[in-house]
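Shown here: input-v6.csv, CSV, C-alpha atoms.
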```csv
chain,number,residue,atom,x,y,z
A,21,MET,CA,-95.0,-94.6,-79.7
A,22,GLU,CA,-93.0,-91.5,-80.6
A,23,ASP,CA,-94.2,-89.7,-77.4
A,24,ARG,CA,-93.2,-92.7,-75.3
A,25,LEU,CA,-89.7,-92.8,-77.0
A,26,ALA,CA,-89.3,-89.0,-76.5
A,27,ALA,CA,-90.3,-89.4,-72.8
A,28,LEU,CA,-87.8,-92.2,-72.4
A,29,GLU,CA,-85.0,-90.1,-74.0
A,30,ARG,CA,-85.8,-87.2,-71.6
A,31,ARG,CA,-85.7,-89.5,-68.6
A,32,MET,CA,-82.3,-90.9,-69.8
A,33,ASP,CA,-80.9,-87.4,-70.3
A,34,ARG,CA,-82.0,-86.4,-66.8
A,35,LEU,CA,-80.4,-89.6,-65.3
A,36,GLU,CA,-77.1,-89.0,-67.1
A,37,GLU,CA,-77.1,-85.4,-66.1
A,38,ARG,CA,-77.6,-86.4,-62.4
A,39,GLN,CA,-74.9,-89.0,-62.6
A,40,THR,CA,-72.2,-86.8,-64.3
A,41,GLY,CA,-73.4,-83.4,-63.1
A,42,ALA,CA,-73.2,-82.1,-66.8
A,43,PRO,CA,-75.9,-81.8,-69.4
A,44,ALA,CA,-76.3,-85.1,-71.4
A,45,SER,CA,-76.2,-83.1,-74.6
A,46,GLY,CA,-72.5,-82.2,-73.8
A,47,LEU,CA,-73.2,-78.5,-73.7
A,48,LYS,CA,-71.4,-76.4,-71.2
A,49,ALA,CA,-73.3,-76.5,-68.0
A,50,ALA,CA,-72.0,-73.2,-66.7
A,51,ALA,CA,-73.3,-71.3,-69.8
A,52,SER,CA,-75.8,-68.9,-68.4
A,53,SER,CA,-76.4,-67.2,-71.7
A,54,SER,CA,-76.2,-67.9,-75.4
A,55,LEU,CA,-73.3,-65.6,-75.7
A,56,GLU,CA,-71.3,-67.6,-73.2
A,57,LEU,CA,-72.2,-70.7,-75.2
A,58,VAL,CA,-71.0,-69.0,-78.3
A,59,GLY,CA,-67.7,-68.2,-76.6
A,60,HIS,CA,-67.4,-71.9,-75.6
A,61,PHE,CA,-67.9,-73.0,-79.2
A,62,ARG,CA,-65.4,-70.4,-80.5
A,63,GLU,CA,-62.7,-71.5,-78.0
A,64,ARG,CA,-63.3,-75.1,-79.0
A,65,ALA,CA,-63.1,-74.3,-82.7
A,66,ALA,CA,-59.9,-72.2,-82.3
A,67,GLU,CA,-58.0,-75.0,-80.4
A,68,GLY,CA,-55.6,-76.6,-82.9
A,69,HIS,CA,-57.3,-75.0,-85.8
A,70,PRO,CA,-54.9,-74.5,-88.7
A,71,PRO,CA,-55.5,-71.1,-90.4
A,72,GLY,CA,-57.5,-71.4,-93.6
A,73,GLU,CA,-59.3,-74.6,-92.7
A,74,THR,CA,-63.0,-75.0,-91.9
A,75,ALA,CA,-63.7,-75.4,-88.2
A,76,GLY,CA,-66.5,-74.6,-85.7
A,77,THR,CA,-69.8,-75.9,-84.5
A,78,VAL,CA,-73.4,-75.0,-85.2
A,79,ALA,CA,-75.8,-76.0,-82.5
A,80,TYR,CA,-79.4,-75.5,-81.5
A,81,VAL,CA,-81.1,-76.4,-78.3
A,82,GLY,CA,-84.5,-76.0,-76.9
A,83,ALA,CA,-86.9,-77.0,-74.1
A,84,ALA,CA,-90.6,-76.2,-74.5
A,85,PHE,CA,-93.8,-77.0,-72.7
A,86,LEU,CA,-96.6,-77.0,-75.2
A,87,ALA,CA,-100.1,-78.4,-74.9
A,88,GLY,CA,-99.2,-80.4,-71.8
A,89,HIS,CA,-96.1,-82.0,-73.4
A,90,GLU,CA,-92.4,-81.4,-72.7
A,91,TYR,CA,-90.1,-81.2,-75.7
A,92,VAL,CA,-86.3,-81.2,-75.2
A,93,TRP,CA,-83.8,-81.3,-78.0
A,94,ALA,CA,-80.1,-80.5,-78.6
A,95,GLY,CA,-78.5,-80.6,-82.1
A,96,GLU,CA,-74.8,-80.0,-82.7
A,97,HIS,CA,-73.0,-80.2,-86.0
A,98,PRO,CA,-69.4,-79.5,-87.0
A,99,VAL,CA,-69.2,-76.8,-89.6
A,100,ALA,CA,-67.0,-79.0,-91.8
A,101,ASP,CA,-69.7,-81.7,-91.9
A,102,LEU,CA,-72.4,-79.1,-92.8
A,103,MET,CA,-70.2,-77.7,-95.6
A,104,ALA,CA,-69.6,-81.2,-97.0
A,105,ALA,CA,-73.3,-82.3,-96.7
A,106,ASP,CA,-75.7,-82.5,-99.6
A,107,TRP,CA,-77.7,-79.3,-98.9
A,108,THR,CA,-80.4,-80.4,-101.3
A,109,ALA,CA,-81.4,-83.1,-98.8
A,110,ALA,CA,-82.9,-80.3,-96.7
A,111,ALA,CA,-85.0,-78.9,-99.5
A,112,GLY,CA,-88.1,-80.9,-98.7
A,113,VAL,CA,-88.3,-79.6,-95.1
A,114,LEU,CA,-87.4,-76.0,-96.2
A,115,GLU,CA,-90.0,-76.1,-99.0
A,116,SER,CA,-92.6,-77.4,-96.6
A,117,VAL,CA,-92.0,-74.6,-94.1
A,118,GLY,CA,-91.6,-72.0,-96.7
A,119,SER,CA,-95.3,-71.7,-97.5
A,120,PRO,CA,-97.6,-69.3,-95.6
A,121,PRO,CA,-100.5,-71.8,-95.5
A,122,ARG,CA,-98.2,-74.6,-94.2
A,123,LEU,CA,-96.7,-72.2,-91.6
A,124,ALA,CA,-100.3,-71.4,-90.5
A,125,LEU,CA,-101.0,-75.2,-90.2
A,126,LEU,CA,-97.7,-75.8,-88.2
A,127,ALA,CA,-98.5,-72.8,-85.9
A,128,ALA,CA,-101.9,-74.4,-85.1
A,129,LEU,CA,-100.4,-77.9,-84.7
A,130,VAL,CA,-97.5,-77.0,-82.5
A,131,GLY,CA,-100.1,-76.1,-79.9
A,132,GLY,CA,-101.4,-79.6,-79.9
A,133,PRO,CA,-103.3,-82.1,-82.1
A,134,ARG,CA,-106.0,-80.5,-84.3
A,135,SER,CA,-108.9,-81.8,-86.3
A,136,ARG,CA,-109.4,-81.3,-90.0
A,137,THR,CA,-112.1,-78.6,-89.1
A,138,GLU,CA,-109.7,-76.7,-86.8
A,139,LEU,CA,-107.0,-76.9,-89.5
A,140,GLN,CA,-109.4,-75.6,-92.1
A,141,GLU,CA,-110.1,-72.6,-89.8
A,142,ALA,CA,-106.3,-72.1,-89.4
A,143,LEU,CA,-106.2,-71.5,-93.1
A,144,GLY,CA,-108.9,-68.8,-92.8
A,145,GLY,CA,-111.6,-71.2,-93.8
A,146,GLU,CA,-111.4,-69.9,-97.3
A,147,SER,CA,-109.4,-72.7,-98.9
A,148,SER,CA,-110.9,-75.9,-100.1
A,149,THR,CA,-110.6,-79.3,-98.4
A,150,GLY,CA,-108.4,-80.4,-101.3
A,151,HIS,CA,-106.1,-77.5,-100.7
A,152,LEU,CA,-105.9,-78.3,-97.0
A,153,TYR,CA,-105.1,-82.0,-97.7
A,154,HIS,CA,-102.4,-81.0,-100.2
A,155,HIS,CA,-100.6,-79.0,-97.6
A,156,LEU,CA,-101.0,-81.7,-94.9
A,157,ARG,CA,-99.6,-84.3,-97.3
A,158,GLU,CA,-96.5,-82.1,-97.9
A,159,LEU,CA,-96.0,-81.6,-94.2
A,160,GLN,CA,-96.3,-85.4,-93.7
A,161,ARG,CA,-93.9,-86.1,-96.5
A,162,ALA,CA,-91.3,-83.8,-94.9
A,163,GLY,CA,-91.6,-85.7,-91.6
A,164,LEU,CA,-93.0,-82.7,-89.7
A,165,ILE,CA,-96.5,-84.0,-88.9
A,166,THR,CA,-98.4,-87.2,-88.4
A,167,GLN,CA,-102.0,-88.3,-88.6
A,168,ARG,CA,-102.7,-90.2,-85.3
A,169,ARG,CA,-106.3,-91.0,-86.3
A,170,ARG,CA,-108.6,-90.2,-89.2
A,171,GLY,CA,-108.9,-86.4,-89.5
A,172,ALA,CA,-106.6,-85.6,-86.5
A,173,TYR,CA,-103.1,-84.3,-87.0
A,174,GLU,CA,-100.1,-83.3,-84.8
A,175,VAL,CA,-96.5,-82.2,-85.1
A,176,VAL,CA,-94.1,-85.2,-84.8
A,177,ALA,CA,-92.5,-84.9,-81.3
A,178,ARG,CA,-88.9,-85.0,-82.6
A,179,ALA,CA,-89.7,-82.1,-85.0
A,180,VAL,CA,-91.0,-79.6,-82.4
A,181,ILE,CA,-87.7,-78.0,-81.2
A,182,PRO,CA,-86.0,-78.2,-84.7
A,183,LEU,CA,-89.1,-76.6,-86.2
A,184,LEU,CA,-89.0,-73.8,-83.6
A,185,ALA,CA,-85.3,-73.4,-84.2
A,186,ILE,CA,-85.9,-73.0,-88.0
A,187,LEU,CA,-88.5,-70.4,-87.2
A,188,ALA,CA,-86.2,-68.6,-84.8
A,189,ALA,CA,-83.4,-68.6,-87.3
A,190,ALA,CA,-85.7,-67.3,-90.1
A,191,LEU,CA,-87.0,-64.6,-87.9
A,192,ASP,CA,-83.4,-63.7,-86.9
A,193,ILE,CA,-82.3,-63.1,-90.5
A,194,SER,CA,-85.6,-61.5,-91.8
A,195,PRO,CA,-85.7,-57.7,-91.8
A,196,GLY,CA,-88.1,-56.2,-89.4
A,197,THR,CA,-88.3,-59.2,-87.0
A,198,LEU,CA,-86.9,-60.4,-83.7
A,199,ALA,CA,-83.2,-59.7,-84.5
A,200,ASP,CA,-84.0,-56.0,-85.3
A,201,GLU,CA,-85.3,-55.3,-81.8
A,202,PRO,CA,-83.1,-53.4,-79.4
A,203,GLY,CA,-80.7,-55.6,-77.5
A,204,GLN,CA,-80.8,-58.4,-80.0
A,205,GLU,CA,-77.5,-57.8,-81.7
A,206,PRO,CA,-75.7,-60.7,-83.3
A,207,ALA,CA,-72.6,-62.0,-81.6
```

As structure tokens, the full file:
Amino acid sequence: MEDRLAALERRMDRLEERQTGAPASGLKAAASSSLELVGHFRERAAEGHPPGETAGTVAYVGAAFLAGHEYVWAGEHPVADLMAADWTAAAGVLESVGSPPRLALLAALVGGPRSRTELQEALGGESSTGHLYHHLRELQRAGLITQRRRGAYEVVARAVIPLLAILAAALDISPGTLADEPGQEPA
């Protein structure tokens, strides 16, 4: 059902984009790089922004083709809303992805549905079945994965791009990772 809904949303976005000539997500169509997009957000935040007040936008977008499925997502949040939000509401997801065994499970699952046996192998085969199911329950509780049938799990379609965005952001701020490579300077 979720896959059908995601496919319908993608089709609607494409139709709206054809009709208006602009991306359905509202992002600047002419932005050929992320730096141009940052410039767009900066200009928009500076317009009518009184000094000393919170303004701006945090956004993440992505399109990925994984295991024969297309995932498209755009999220945009005003900084003022993020600053006013209850950050503890994000704790469950952050705790779930903050565990090396759970990250290993997510890395296996983002490539497509996996069986219990394949997931046990993703943990190195050394952990117990109880250990595996504990991690799977936590990932399900956080809304990141689902069990389609007995013993088969997959990442929830609406979580794929946000999950990859979380991973990208974590790699960007972690020492010795993507952001430390030449040419990857922060804006």

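Comparing the minimum interatomic distances between A:Glu73 and each of A:Ala100, A:Leu86, A:Tyr91, A:Leu183, counting only C-alpha atoms, we find that A:Ala100 sits nearest.
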
For this session: Would you mind telling me which residue in A:Leu159, A:Ala188, A:Ala66, A:Leu114 lies nearest to A:Tyr173 when using only C-alpha atoms?
Result: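 Of A:Leu159, A:Ala188, A:Ala66, A:Leu114, the one nearest A:Tyr173, counting only C-alpha atoms, is A:Leu159.
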
Problem set entry | Nearest to A:Ser54, chosen from A:Gly196, A:Gly132, A:Gly82, A:Gly72, with all atoms listed in the file counted in the distances |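 Under the stated criterion, the closest residue is A:Gly82.
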
For this session: Could you tell me which of A:Ala65, A:Leu187, A:Ala79, A:Leu125 comes closest to A:Arg157 if we count only C-alpha atoms?
Result: A:Leu125

Problem set entry | Separation of atom CA of A:Arg178 from atom CA of A:Arg62, in Å and rounded to one decimal | 27.7 Å

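In this model, the gap between atom CA of A:Glu141 and atom CA of A:Glu90 comes to 26.1 Å.
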
Exercise. Atom CA of A:Leu164 and atom CA of A:Ala84, how far apart in Å?
Worked result: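 Answer for the atom CA of A:Ala84 to atom CA of A:Leu164 separation: 16.7 Å.
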
Exercise. Quick one: of A:Ser116, A:Ser53, A:Thr74, A:Thr137, who's nearest to A:Ile186, counting all atoms listed in the file?
Worked result: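 Under the stated criterion, the closest residue is A:Ser116.
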
For this session: With a distance cut-off of 7 Å and all atoms listed in the file, select the neighbouring residues of A:Ala172, excluding the residue or stretch itself and same-chain residues fewer than 5 positions from it, and output the selection as number ranges by chain.
Result: A: 133-136, 167

Exercise. Which residue, A:His69, A:Arg122, A:Arg170, A:His97, has the smallest gap to A:Glu158 when you use all atoms listed in the file?
Worked result: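 Among A:His69, A:Arg122, A:Arg170, A:His97, it is A:Arg122 that comes nearest to A:Glu158.
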
For this session: Please provide as a list in words all residues within 12 Å of A:Ala162, with the sequence filter that same-chain residues fewer than 4 positions apart are discarded (counting all atoms listed in the file).
Result: Ala109, Ala110, Ala111, Gly112, Val113, Leu114, Glu115, Ser116, Val117, Gly118, Arg122, His155, Leu156, Arg157, Glu158, Thr166, Val175, Val176, Ala179 and Leu183 of chain A
